[in-house]
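Okay, target_36.pdb is below, PDB, C-alpha atoms:
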```
ATOM      1  CA  MET A   1    -106.336 -57.861  72.938
ATOM      2  CA  ALA A   2    -103.491 -56.372  75.034
ATOM      3  CA  ASP A   3    -105.932 -54.769  77.494
ATOM      4  CA  THR A   4    -107.743 -58.045  78.011
ATOM      5  CA  HIS A   5    -104.523 -59.911  78.882
ATOM      6  CA  THR A   6    -103.565 -57.189  81.392
ATOM      7  CA  SER A   7    -106.938 -57.451  83.148
ATOM      8  CA  VAL A   8    -106.642 -61.216  83.391
ATOM      9  CA  ASP A   9    -103.114 -60.948  84.841
ATOM     10  CA  GLU A  10    -104.120 -58.286  87.339
ATOM     11  CA  SER A  11    -107.087 -60.328  88.554
ATOM     12  CA  ARG A  12    -104.784 -63.320  89.029
ATOM     13  CA  TYR A  13    -102.425 -61.242  91.129
ATOM     14  CA  LEU A  14    -105.262 -59.850  93.246
ATOM     15  CA  LEU A  15    -106.689 -63.298  93.896
ATOM     16  CA  HIS A  16    -103.264 -64.653  94.887
ATOM     17  CA  GLY A  17    -102.318 -61.927  97.381
ATOM     18  CA  ILE A  18    -100.589 -59.285  95.238
ATOM     19  CA  LYS A  19    -101.772 -55.755  95.903
ATOM     20  CA  VAL A  20    -101.883 -53.184  93.120
ATOM     21  CA  ASP A  21    -101.787 -49.700  94.611
ATOM     22  CA  GLY A  22    -101.069 -46.593  92.577
ATOM     23  CA  GLY A  23     -99.095 -48.557  89.994
ATOM     24  CA  ASP A  24     -96.818 -50.221  92.625
ATOM     25  CA  VAL A  25     -97.012 -53.979  93.025
ATOM     26  CA  GLU A  26     -96.028 -55.397  96.420
ATOM     27  CA  LYS A  27     -96.063 -59.055  97.344
ATOM     28  CA  THR A  28     -97.420 -59.674 100.829
ATOM     29  CA  GLY A  29     -97.102 -63.391 101.250
ATOM     30  CA  GLY A  30    -100.726 -64.091 100.494
ATOM     31  CA  ILE A  31    -102.312 -61.540 102.900
ATOM     32  CA  PRO A  32    -102.120 -57.817 102.158
ATOM     33  CA  ARG A  33    -100.943 -55.578 104.994
ATOM     34  CA  SER A  34    -103.623 -53.146 105.950
ATOM     35  CA  PRO A  35    -104.860 -51.239 108.927
ATOM     36  CA  ARG A  36    -106.593 -53.305 111.612
ATOM     37  CA  GLY A  37    -110.152 -54.209 110.662
ATOM     38  CA  GLY A  38    -109.847 -52.849 107.126
ATOM     39  CA  GLY A  39    -107.849 -55.718 105.654
ATOM     40  CA  ARG A  40    -110.759 -58.066 105.436
ATOM     41  CA  ARG A  41    -112.958 -55.432 103.777
ATOM     42  CA  ARG A  42    -110.239 -54.468 101.301
ATOM     43  CA  ARG A  43    -109.471 -58.081 100.561
ATOM     44  CA  GLY A  44    -113.143 -58.865 100.003
ATOM     45  CA  TRP A  45    -113.496 -55.851  97.722
ATOM     46  CA  MET A  46    -110.441 -56.938  95.728
ATOM     47  CA  VAL A  47    -111.833 -60.448  95.350
ATOM     48  CA  VAL A  48    -115.111 -59.114  94.011
ATOM     49  CA  VAL A  49    -113.386 -56.758  91.559
ATOM     50  CA  GLY A  50    -111.026 -59.514  90.474
ATOM     51  CA  ALA A  51    -113.890 -61.877  89.848
ATOM     52  CA  ILE A  52    -115.667 -59.258  87.746
ATOM     53  CA  VAL A  53    -112.501 -58.658  85.689
ATOM     54  CA  VAL A  54    -112.019 -62.391  85.116
ATOM     55  CA  LEU A  55    -115.625 -62.813  83.989
ATOM     56  CA  ALA A  56    -115.302 -59.847  81.624
ATOM     57  CA  ALA A  57    -112.112 -61.276  80.158
ATOM     58  CA  LEU A  58    -113.740 -64.670  79.629
ATOM     59  CA  ALA A  59    -116.679 -62.987  77.882
ATOM     60  CA  VAL A  60    -114.293 -61.154  75.512
ATOM     61  CA  LEU A  61    -112.422 -64.366  74.734
ATOM     62  CA  ALA A  62    -115.697 -66.205  74.095
ATOM     63  CA  ALA A  63    -116.828 -63.492  71.689
ATOM     64  CA  ILE A  64    -113.535 -63.647  69.790
ATOM     65  CA  GLY A  65    -113.741 -67.427  69.632
ATOM     66  CA  GLY A  66    -117.295 -67.196  68.305
ATOM     67  CA  ARG A  67    -116.244 -64.875  65.504
ATOM     68  CA  HIS A  68    -113.330 -67.180  64.650
ATOM     69  CA  THR A  69    -115.672 -70.189  64.473
ATOM     70  CA  ALA A  70    -118.129 -68.240  62.348
ATOM     71  CA  ASN A  71    -115.377 -67.384  59.891
ATOM     72  CA  HIS A  72    -114.537 -71.068  59.467
ATOM     73  CA  LYS A  73    -118.193 -71.980  58.996
ATOM     74  CA  GLY A  74    -118.793 -69.225  56.469
ATOM     75  CA  LEU A  75    -118.663 -71.664  53.532
ATOM     76  CA  ASP A  76    -121.730 -73.350  54.975
ATOM     77  CA  THR A  77    -123.846 -70.326  54.119
ATOM     78  CA  PRO A  78    -125.572 -70.426  50.699
ATOM     79  CA  ALA A  79    -123.764 -67.342  49.382
ATOM     80  CA  ALA A  80    -120.298 -68.467  50.412
ATOM     81  CA  ALA A  81    -120.852 -72.017  49.192
ATOM     82  CA  ALA A  82    -122.064 -70.714  45.856
ATOM     83  CA  GLY A  83    -118.938 -68.594  45.499
ATOM     84  CA  TYR A  84    -116.655 -71.499  46.333
ATOM     85  CA  GLN A  85    -118.427 -73.836  43.925
ATOM     86  CA  ALA A  86    -118.353 -71.187  41.189
ATOM     87  CA  GLY A  87    -114.587 -70.857  41.586
ATOM     88  CA  GLY A  88    -114.155 -74.619  41.383
ATOM     89  CA  ALA A  89    -116.432 -74.801  38.351
ATOM     90  CA  ASN A  90    -114.374 -72.136  36.574
ATOM     91  CA  GLU A  91    -111.166 -74.054  37.244
ATOM     92  CA  GLN A  92    -112.745 -77.286  35.997
ATOM     93  CA  GLU A  93    -114.057 -75.578  32.873
ATOM     94  CA  GLU A  94    -110.613 -74.141  32.123
ATOM     95  CA  GLY A  95    -109.108 -77.583  32.572
ATOM     96  CA  ARG A  96    -111.594 -79.127  30.132
ATOM     97  CA  GLU A  97    -110.887 -76.469  27.518
ATOM     98  CA  ALA A  98    -107.137 -76.911  27.818
ATOM     99  CA  THR A  99    -107.374 -80.686  27.178
ATOM    100  CA  THR A 100    -109.855 -80.606  24.321
ATOM    101  CA  SER A 101    -108.009 -81.808  21.206
ATOM    102  CA  SER A 102    -110.028 -81.421  18.038
ATOM    103  CA  SER A 103    -113.033 -79.353  19.052
ATOM    104  CA  SER A 104    -114.007 -76.547  21.384
ATOM    105  CA  SER A 105    -117.117 -75.893  23.430
ATOM    106  CA  SER A 106    -120.009 -74.410  21.492
ATOM    107  CA  SER A 107    -122.719 -71.992  22.550
ATOM    108  CA  SER A 108    -125.234 -74.849  22.887
ATOM    109  CA  SER A 109    -126.371 -75.832  26.373
ATOM    110  CA  ILE A 110    -126.394 -79.528  25.466
ATOM    111  CA  ALA A 111    -123.395 -81.341  26.913
ATOM    112  CA  ASP A 112    -120.978 -82.620  24.265
ATOM    113  CA  GLU A 113    -121.242 -86.215  25.474
ATOM    114  CA  LYS A 114    -124.987 -86.136  24.737
ATOM    115  CA  LYS A 115    -124.564 -84.891  21.172
ATOM    116  CA  VAL A 116    -124.463 -87.109  18.108
ATOM    117  CA  GLN A 117    -120.894 -87.637  16.940
ATOM    118  CA  VAL A 118    -120.410 -86.948  13.222
ATOM    119  CA  GLU A 119    -116.925 -87.821  11.993
ATOM    120  CA  PHE A 120    -115.579 -86.821   8.586
ATOM    121  CA  PHE A 121    -112.662 -88.712   7.035
ATOM    122  CA  VAL A 122    -111.444 -86.255   4.432
ATOM    123  CA  MET A 123    -108.586 -84.370   2.726
ATOM    124  CA  SER A 124    -108.743 -80.586   2.649
ATOM    125  CA  ARG A 125    -107.962 -80.294  -1.090
ATOM    126  CA  CYS A 126    -110.111 -83.247  -2.169
ATOM    127  CA  PRO A 127    -113.097 -82.410  -4.450
ATOM    128  CA  ASP A 128    -115.118 -85.246  -2.904
ATOM    129  CA  ALA A 129    -114.584 -83.794   0.565
ATOM    130  CA  VAL A 130    -115.725 -80.389  -0.666
ATOM    131  CA  LYS A 131    -118.893 -81.955  -2.082
ATOM    132  CA  MET A 132    -119.710 -83.754   1.165
ATOM    133  CA  GLU A 133    -119.060 -80.651   3.262
ATOM    134  CA  GLN A 134    -121.340 -78.619   1.005
ATOM    135  CA  THR A 135    -124.080 -81.224   1.470
ATOM    136  CA  PHE A 136    -123.701 -81.002   5.246
ATOM    137  CA  SER A 137    -124.022 -77.216   5.208
ATOM    138  CA  ARG A 138    -127.823 -77.556   5.410
ATOM    139  CA  VAL A 139    -127.483 -80.315   8.010
ATOM    140  CA  VAL A 140    -125.402 -78.095  10.276
ATOM    141  CA  ASP A 141    -127.851 -75.234   9.928
ATOM    142  CA  ALA A 142    -130.713 -77.515  10.986
ATOM    143  CA  VAL A 143    -129.310 -79.657  13.811
ATOM    144  CA  HIS A 144    -125.963 -78.192  14.893
ATOM    145  CA  SER A 145    -127.165 -77.976  18.513
ATOM    146  CA  ILE A 146    -127.294 -81.781  18.842
ATOM    147  CA  MET A 147    -124.263 -82.762  16.761
ATOM    148  CA  GLU A 148    -120.542 -82.715  17.434
ATOM    149  CA  VAL A 149    -118.086 -82.783  14.534
ATOM    150  CA  GLN A 150    -114.706 -84.467  14.349
ATOM    151  CA  LEU A 151    -112.259 -84.228  11.450
ATOM    152  CA  SER A 152    -110.005 -87.197  10.735
ATOM    153  CA  PHE A 153    -107.620 -86.538   7.859
ATOM    154  CA  ILE A 154    -106.440 -89.293   5.569
ATOM    155  CA  ALA A 155    -102.642 -89.122   5.262
ATOM    156  CA  ARG A 156     -99.523 -91.145   6.013
ATOM    157  CA  LEU A 157     -97.747 -90.486   9.280
ATOM    158  CA  ASP A 158     -94.095 -89.528   8.838
ATOM    159  CA  PRO A 159     -92.066 -88.157  11.778
ATOM    160  CA  ASN A 160     -89.568 -86.653   9.316
ATOM    161  CA  ALA A 161     -92.215 -84.570   7.531
ATOM    162  CA  THR A 162     -92.606 -80.924   8.517
ATOM    163  CA  THR A 163     -96.204 -81.418   9.584
ATOM    164  CA  GLY A 164     -95.710 -84.961  10.890
ATOM    165  CA  ALA A 165     -97.442 -86.613   7.922
ATOM    166  CA  VAL A 166     -97.400 -86.890   4.119
ATOM    167  CA  CYS A 167    -100.575 -85.872   2.267
ATOM    168  CA  LYS A 168    -101.889 -87.043  -1.108
ATOM    169  CA  HIS A 169    -102.162 -83.540  -2.539
ATOM    170  CA  ARG A 170     -98.677 -82.480  -1.416
ATOM    171  CA  GLU A 171     -97.580 -80.325   1.495
ATOM    172  CA  TYR A 172    -100.208 -77.682   0.739
ATOM    173  CA  GLU A 173    -102.901 -80.132   1.730
ATOM    174  CA  CYS A 174    -101.220 -80.906   5.054
ATOM    175  CA  VAL A 175    -101.159 -77.181   5.811
ATOM    176  CA  GLY A 176    -104.810 -76.905   4.791
ATOM    177  CA  ASN A 177    -105.676 -79.824   7.069
ATOM    178  CA  ILE A 178    -104.057 -78.031  10.001
ATOM    179  CA  ASP A 179    -105.941 -74.823   9.128
ATOM    180  CA  GLU A 180    -109.266 -76.662   9.268
ATOM    181  CA  LEU A 181    -108.446 -78.404  12.540
ATOM    182  CA  CYS A 182    -107.441 -75.111  14.146
ATOM    183  CA  ALA A 183    -110.609 -73.456  12.860
ATOM    184  CA  LEU A 184    -112.656 -76.263  14.399
ATOM    185  CA  ARG A 185    -110.716 -76.045  17.650
ATOM    186  CA  HIS A 186    -111.166 -72.270  17.987
ATOM    187  CA  ARG A 187    -114.601 -71.884  16.479
ATOM    188  CA  LEU A 188    -117.277 -69.706  17.980
ATOM    189  CA  ASP A 189    -119.844 -72.434  17.291
ATOM    190  CA  LEU A 190    -120.376 -75.140  14.697
ATOM    191  CA  PRO A 191    -122.061 -72.858  12.120
ATOM    192  CA  SER A 192    -119.093 -70.470  12.335
ATOM    193  CA  PHE A 193    -116.738 -73.346  11.541
ATOM    194  CA  TRP A 194    -118.889 -74.332   8.590
ATOM    195  CA  ARG A 195    -118.718 -70.759   7.316
ATOM    196  CA  PHE A 196    -114.940 -71.062   7.458
ATOM    197  CA  LEU A 197    -115.097 -74.342   5.503
ATOM    198  CA  GLY A 198    -117.351 -72.834   2.845
ATOM    199  CA  CYS A 199    -114.994 -69.897   2.476
ATOM    200  CA  VAL A 200    -111.798 -71.932   1.970
ATOM    201  CA  ASN A 201    -113.611 -74.501  -0.187
ATOM    202  CA  SER A 202    -114.618 -71.725  -2.576
ATOM    203  CA  ARG A 203    -110.935 -71.557  -3.575
ATOM    204  CA  VAL A 204    -109.708 -75.135  -3.208
ATOM    205  CA  GLU A 205    -106.661 -74.462  -5.372
ATOM    206  CA  ASP A 206    -105.403 -71.923  -2.808
ATOM    207  CA  ILE A 207    -105.906 -74.040   0.301
ATOM    208  CA  GLY A 208    -102.616 -74.320   2.193
ATOM    209  CA  ARG A 209    -100.841 -71.724   0.023
ATOM    210  CA  GLY A 210     -99.800 -68.932   2.352
ATOM    211  CA  ARG A 211    -101.842 -67.394   5.162
ATOM    212  CA  ASP A 212    -104.044 -64.974   3.250
ATOM    213  CA  LEU A 213    -106.975 -67.272   2.412
ATOM    214  CA  ALA A 214    -107.132 -68.984   5.798
ATOM    215  CA  LEU A 215    -106.829 -65.745   7.763
ATOM    216  CA  ARG A 216    -109.422 -63.959   5.644
ATOM    217  CA  CYS A 217    -111.859 -66.857   6.019
ATOM    218  CA  ALA A 218    -111.234 -67.107   9.783
ATOM    219  CA  SER A 219    -112.022 -63.429  10.185
ATOM    220  CA  ALA A 220    -115.123 -63.615   7.969
ATOM    221  CA  ALA A 221    -116.415 -66.621   9.957
ATOM    222  CA  GLY A 222    -116.045 -64.799  13.271
ATOM    223  CA  LEU A 223    -113.225 -66.949  14.672
ATOM    224  CA  ASP A 224    -110.687 -65.709  17.198
ATOM    225  CA  THR A 225    -108.022 -64.934  14.598
ATOM    226  CA  ALA A 226    -105.201 -64.540  17.145
ATOM    227  CA  ALA A 227    -105.894 -67.979  18.637
ATOM    228  CA  PHE A 228    -106.372 -69.441  15.166
ATOM    229  CA  LEU A 229    -103.008 -68.133  13.916
ATOM    230  CA  ALA A 230    -101.222 -69.257  17.070
ATOM    231  CA  CYS A 231    -102.664 -72.746  16.573
ATOM    232  CA  THR A 232    -101.626 -72.978  12.916
ATOM    233  CA  ASN A 233     -98.121 -71.605  13.500
ATOM    234  CA  GLN A 234     -97.235 -73.531  16.643
ATOM    235  CA  GLY A 235     -97.267 -77.073  17.974
ATOM    236  CA  GLU A 236    -100.989 -77.161  18.726
ATOM    237  CA  GLY A 237    -101.983 -77.470  15.068
ATOM    238  CA  ARG A 238     -99.432 -80.172  14.302
ATOM    239  CA  ALA A 239    -100.528 -82.163  17.361
ATOM    240  CA  LEU A 240    -104.161 -81.939  16.265
ATOM    241  CA  PHE A 241    -103.174 -83.096  12.776
ATOM    242  CA  ARG A 242    -101.198 -86.083  14.038
ATOM    243  CA  GLN A 243    -104.110 -87.135  16.236
ATOM    244  CA  SER A 244    -106.595 -86.834  13.382
ATOM    245  CA  VAL A 245    -104.438 -88.998  11.094
ATOM    246  CA  GLU A 246    -104.091 -91.580  13.865
ATOM    247  CA  ASN A 247    -107.888 -91.611  14.203
ATOM    248  CA  ALA A 248    -108.275 -92.349  10.501
ATOM    249  CA  VAL A 249    -105.648 -95.103  10.637
ATOM    250  CA  PHE A 250    -107.310 -96.652  13.687
ATOM    251  CA  ALA A 251    -110.724 -96.590  11.973
ATOM    252  CA  GLY A 252    -109.219 -98.185   8.872
ATOM    253  CA  VAL A 253    -110.725 -95.530   6.583
ATOM    254  CA  GLU A 254    -108.724 -94.725   3.457
ATOM    255  CA  THR A 255    -111.310 -93.063   1.216
ATOM    256  CA  SER A 256    -112.026 -89.346   1.185
ATOM    257  CA  ALA A 257    -114.775 -88.496   1.749
ATOM    258  CA  THR A 258    -116.370 -90.855   4.287
ATOM    259  CA  VAL A 259    -118.764 -89.875   7.053
ATOM    260  CA  PHE A 260    -119.649 -91.756  10.227
ATOM    261  CA  VAL A 261    -122.752 -90.902  12.281
ATOM    262  CA  ALA A 262    -122.955 -92.055  15.908
ATOM    263  CA  GLY A 263    -119.935 -94.313  15.426
ATOM    264  CA  LYS A 264    -121.265 -96.101  12.338
ATOM    265  CA  LYS A 265    -120.228 -95.729   8.726
ATOM    266  CA  ARG A 266    -122.983 -93.782   7.049
ATOM    267  CA  CYS A 267    -121.926 -92.738   3.538
ATOM    268  CA  VAL A 268    -119.051 -92.340   1.068
ATOM    269  CA  GLU A 269    -118.554 -89.729  -1.661
ATOM    270  CA  ASP A 270    -115.889 -90.914  -4.087
ATOM    271  CA  GLY A 271    -116.647 -89.634  -7.559
ATOM    272  CA  GLY A 272    -120.273 -90.191  -6.635
ATOM    273  CA  TRP A 273    -122.295 -91.243  -3.590
ATOM    274  CA  ARG A 274    -122.073 -94.887  -2.528
ATOM    275  CA  GLU A 275    -122.566 -97.060   0.566
ATOM    276  CA  CYS A 276    -125.361 -94.738   1.671
ATOM    277  CA  PRO A 277    -128.207 -97.064   2.694
ATOM    278  CA  GLY A 278    -130.130 -94.236   4.328
ATOM    279  CA  GLY A 279    -129.752 -91.829   1.413
ATOM    280  CA  TYR A 280    -127.339 -88.954   0.827
ATOM    281  CA  ARG A 281    -129.555 -85.898   0.715
ATOM    282  CA  PRO A 282    -129.290 -83.321   3.541
ATOM    283  CA  GLU A 283    -132.703 -84.351   4.905
ATOM    284  CA  ASP A 284    -131.524 -87.975   5.079
ATOM    285  CA  PHE A 285    -128.600 -87.021   7.309
ATOM    286  CA  ILE A 286    -130.838 -84.742   9.390
ATOM    287  CA  ARG A 287    -133.251 -87.633   9.928
ATOM    288  CA  ASP A 288    -130.493 -89.979  11.076
ATOM    289  CA  ILE A 289    -128.926 -87.447  13.432
ATOM    290  CA  CYS A 290    -132.296 -86.665  14.991
ATOM    291  CA  ALA A 291    -132.997 -90.396  15.397
ATOM    292  CA  ALA A 292    -129.595 -90.990  17.041
ATOM    293  CA  TYR A 293    -129.939 -88.139  19.521
ATOM    294  CA  LYS A 294    -130.495 -89.433  23.078
ATOM    295  CA  GLY A 295    -130.045 -86.262  25.121
ATOM    296  CA  SER A 296    -132.605 -85.041  27.625
ATOM    297  CA  ALA A 297    -132.635 -81.461  26.295
ATOM    298  CA  PRO A 298    -135.242 -80.745  23.616
ATOM    299  CA  PRO A 299    -133.906 -81.371  20.082
ATOM    300  CA  PRO A 300    -134.395 -78.869  17.240
ATOM    301  CA  SER A 301    -137.991 -78.525  16.112
ATOM    302  CA  ILE A 302    -137.180 -80.137  12.745
ATOM    303  CA  CYS A 303    -136.575 -83.427  14.582
ATOM    304  CA  ALA A 304    -140.310 -83.674  15.292
ATOM    305  CA  GLN A 305    -140.635 -84.911  11.721
ATOM    306  CA  TYR A 306    -138.489 -87.974  12.463
ATOM    307  CA  PRO A 307    -138.670 -90.750  15.099
ATOM    308  CA  ARG A 308    -136.117 -90.801  17.906
ATOM    309  CA  ALA A 309    -134.063 -93.833  18.845
ATOM    310  CA  VAL A 310    -135.379 -95.707  21.907
TER     311      VAL A 310
END
```
As structure tokens - that is how I would like this structure written.
Amino acid sequence: MADTHTSVDESRYLLHGIKVDGGDVEKTGGIPRSPRGGGRRRRGWMVVVGAIVVLAALAVLAAIGGRHTANHKGLDTPAAAAGYQAGGANEQEEGREATTSSSSSSSSSIADEKKVQVEFFVMSRCPDAVKMEQTFSRVVDAVHSIMEVQLSFIARLDPNATTGAVCKHREYECVGNIDELCALRHRLDLPSFWRFLGCVNSRVEDIGRGRDLALRCASAAGLDTAAFLACTNQGEGRALFRQSVENAVFAGVETSATVFVAGKKRCVEDGGWRECPGGYRPEDFIRDICAAYKGSAPPPSICAQYPRAV
């Protein structure tokens, strides 16, 4: 760029009566001194050279300006736009994951808002909850790609309690509730969470007692054990627990175990099944979840056996 500026300056001097001769610059008042008859020729030659230099300088500046404009318009090209949008999508995805409270994104391509919401109102050490969760094991295997699970634990909020609430089956149950919420939050997918549930439910008497059972079950289910432990040991787990209890209070549900499908009370297990107008077998729940699914993505093949909601 320095050479270009020098050429422009020199051309200006030549056009305004400044003679450059052997590196010496001499001002001549607008007309260069020269031998008689040669001044006009020299002056004409200088004007031509100066004009050429100015045109060359303008061409260089135009080329530089063109490259500068092209750099600013680079995002208009398909490749650059795709890269920019991908970066924005990654940031948005990270933001969504950070604000998710009681569940994490699964491997399914169906958006969570299109899935059928299945909400369990339970207690981690309750035999009725264990029975309902065992029944839903087959349901999850069949239609997990179109269902989203939420856990709402039945307890009494107490800001003075260690976990923020008081549980029916003592403090162990509150700890077990937090374990299950953290497993749901950091699951690989819904079946992996259900494997965790089946593992801890196989030893209900040990739920919430120490870390051994929960950690062993998290590892066996394929969860991110580091994230799971961080959740259970820090504020994340307690915040999830408080929110789940508030959900149960807001819904007015006090019986473990109660399940809602698509926002409607579907069934209760309380020493036996009751308030289950559509039945309480796994295939009954599969039928209702398939019927409630309104997403545009194809449902599991088993849903072909049941009508879909219009």
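If you look at atom CA of A:Ala161 and atom CA of A:Asp224, they are 28.1 Å away from each other.
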- [ ] Report the residues retrieved by the PyMOL selection byres ((chain A and resi 168) around 10) from the displayed file, expressed as a PyMOL selection string.
- [x] chain A and resi 123+125-126+154-156+166-167+169-174
Open item on the list: I need the output of the PyMOL selection byres ((chain A and resi 162) around 12) for this file as a list of chain:residue names; which residues are they?
Closed with: A:Leu157, A:Asp158, A:Pro159, A:Asn160, A:Ala161, A:Thr163, A:Gly164, A:Ala165, A:Val166, A:Cys167, A:Arg170, A:Glu171, A:Tyr172, A:Cys174, A:Val175, A:Ile178, A:Asn233, A:Gln234, A:Gly235, A:Gly237, A:Arg238, A:Ala239, A:Phe241, A:Arg242
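Here atom CA of A:Gln305 stands at a distance of 11.7 Å from atom CA of A:Asp284.
Atom CA of A:Gly222 is positioned 20.0 Å from atom CA of A:Val139.
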Open item on the list: Given the PyMOL selection byres ((chain A and resi 220) around 12) and the file above, list the residues it selects as a ChimeraX atom specification.
Closed with: /A:183,187-188,192-200,213-219,221-225
TODO: Name the closest residue to A:Ser296 among the candidates A:Ile146, A:Asn201, A:Glu119, A:Ile207; distances are taken between atoms, counting only C-alpha atoms.
DONE: A:Ile146
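If all atoms listed in the file are the atoms counted, then among A:Ser145, A:Ser124, A:Ser244, A:Thr232 the closest residue to A:Ala297 is A:Ser145.
Taking only C-alpha atoms into account, the protein, DNA and RNA residues within 10 Å of (-125.7, -81.0, 12.7) read A:Lys115, A:Val116, A:Gln117, A:Val118, A:Phe136, A:Ser137, A:Arg138, A:Val139, A:Val140, A:Asp141, A:Ala142, A:Val143, A:His144, A:Ser145, A:Ile146, A:Met147, A:Glu148, A:Val149, A:Leu190, A:Pro191, A:Phe285, A:Ile286, A:Ile289, A:Cys290.
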Same residues, C-alpha atoms, saved as a PDB file, keeping the file's coordinate frame:
```pdb
ATOM      1  CA  LYS A 115    -124.564 -84.891  21.172  1.00  0.00           C
ATOM      2  CA  VAL A 116    -124.463 -87.109  18.108  1.00  0.00           C
ATOM      3  CA  GLN A 117    -120.894 -87.637  16.940  1.00  0.00           C
ATOM      4  CA  VAL A 118    -120.410 -86.948  13.222  1.00  0.00           C
ATOM      5  CA  PHE A 136    -123.701 -81.002   5.246  1.00  0.00           C
ATOM      6  CA  SER A 137    -124.022 -77.216   5.208  1.00  0.00           C
ATOM      7  CA  ARG A 138    -127.823 -77.556   5.410  1.00  0.00           C
ATOM      8  CA  VAL A 139    -127.483 -80.315   8.010  1.00  0.00           C
ATOM      9  CA  VAL A 140    -125.402 -78.095  10.276  1.00  0.00           C
ATOM     10  CA  ASP A 141    -127.851 -75.234   9.928  1.00  0.00           C
ATOM     11  CA  ALA A 142    -130.713 -77.515  10.986  1.00  0.00           C
ATOM     12  CA  VAL A 143    -129.310 -79.657  13.811  1.00  0.00           C
ATOM     13  CA  HIS A 144    -125.963 -78.192  14.893  1.00  0.00           C
ATOM     14  CA  SER A 145    -127.165 -77.976  18.513  1.00  0.00           C
ATOM     15  CA  ILE A 146    -127.294 -81.781  18.842  1.00  0.00           C
ATOM     16  CA  MET A 147    -124.263 -82.762  16.761  1.00  0.00           C
ATOM     17  CA  GLU A 148    -120.542 -82.715  17.434  1.00  0.00           C
ATOM     18  CA  VAL A 149    -118.086 -82.783  14.534  1.00  0.00           C
ATOM     19  CA  LEU A 190    -120.376 -75.140  14.697  1.00  0.00           C
ATOM     20  CA  PRO A 191    -122.061 -72.858  12.120  1.00  0.00           C
ATOM     21  CA  PHE A 285    -128.600 -87.021   7.309  1.00  0.00           C
ATOM     22  CA  ILE A 286    -130.838 -84.742   9.390  1.00  0.00           C
ATOM     23  CA  ILE A 289    -128.926 -87.447  13.432  1.00  0.00           C
ATOM     24  CA  CYS A 290    -132.296 -86.665  14.991  1.00  0.00           C
TER      25      CYS A 290
END
```
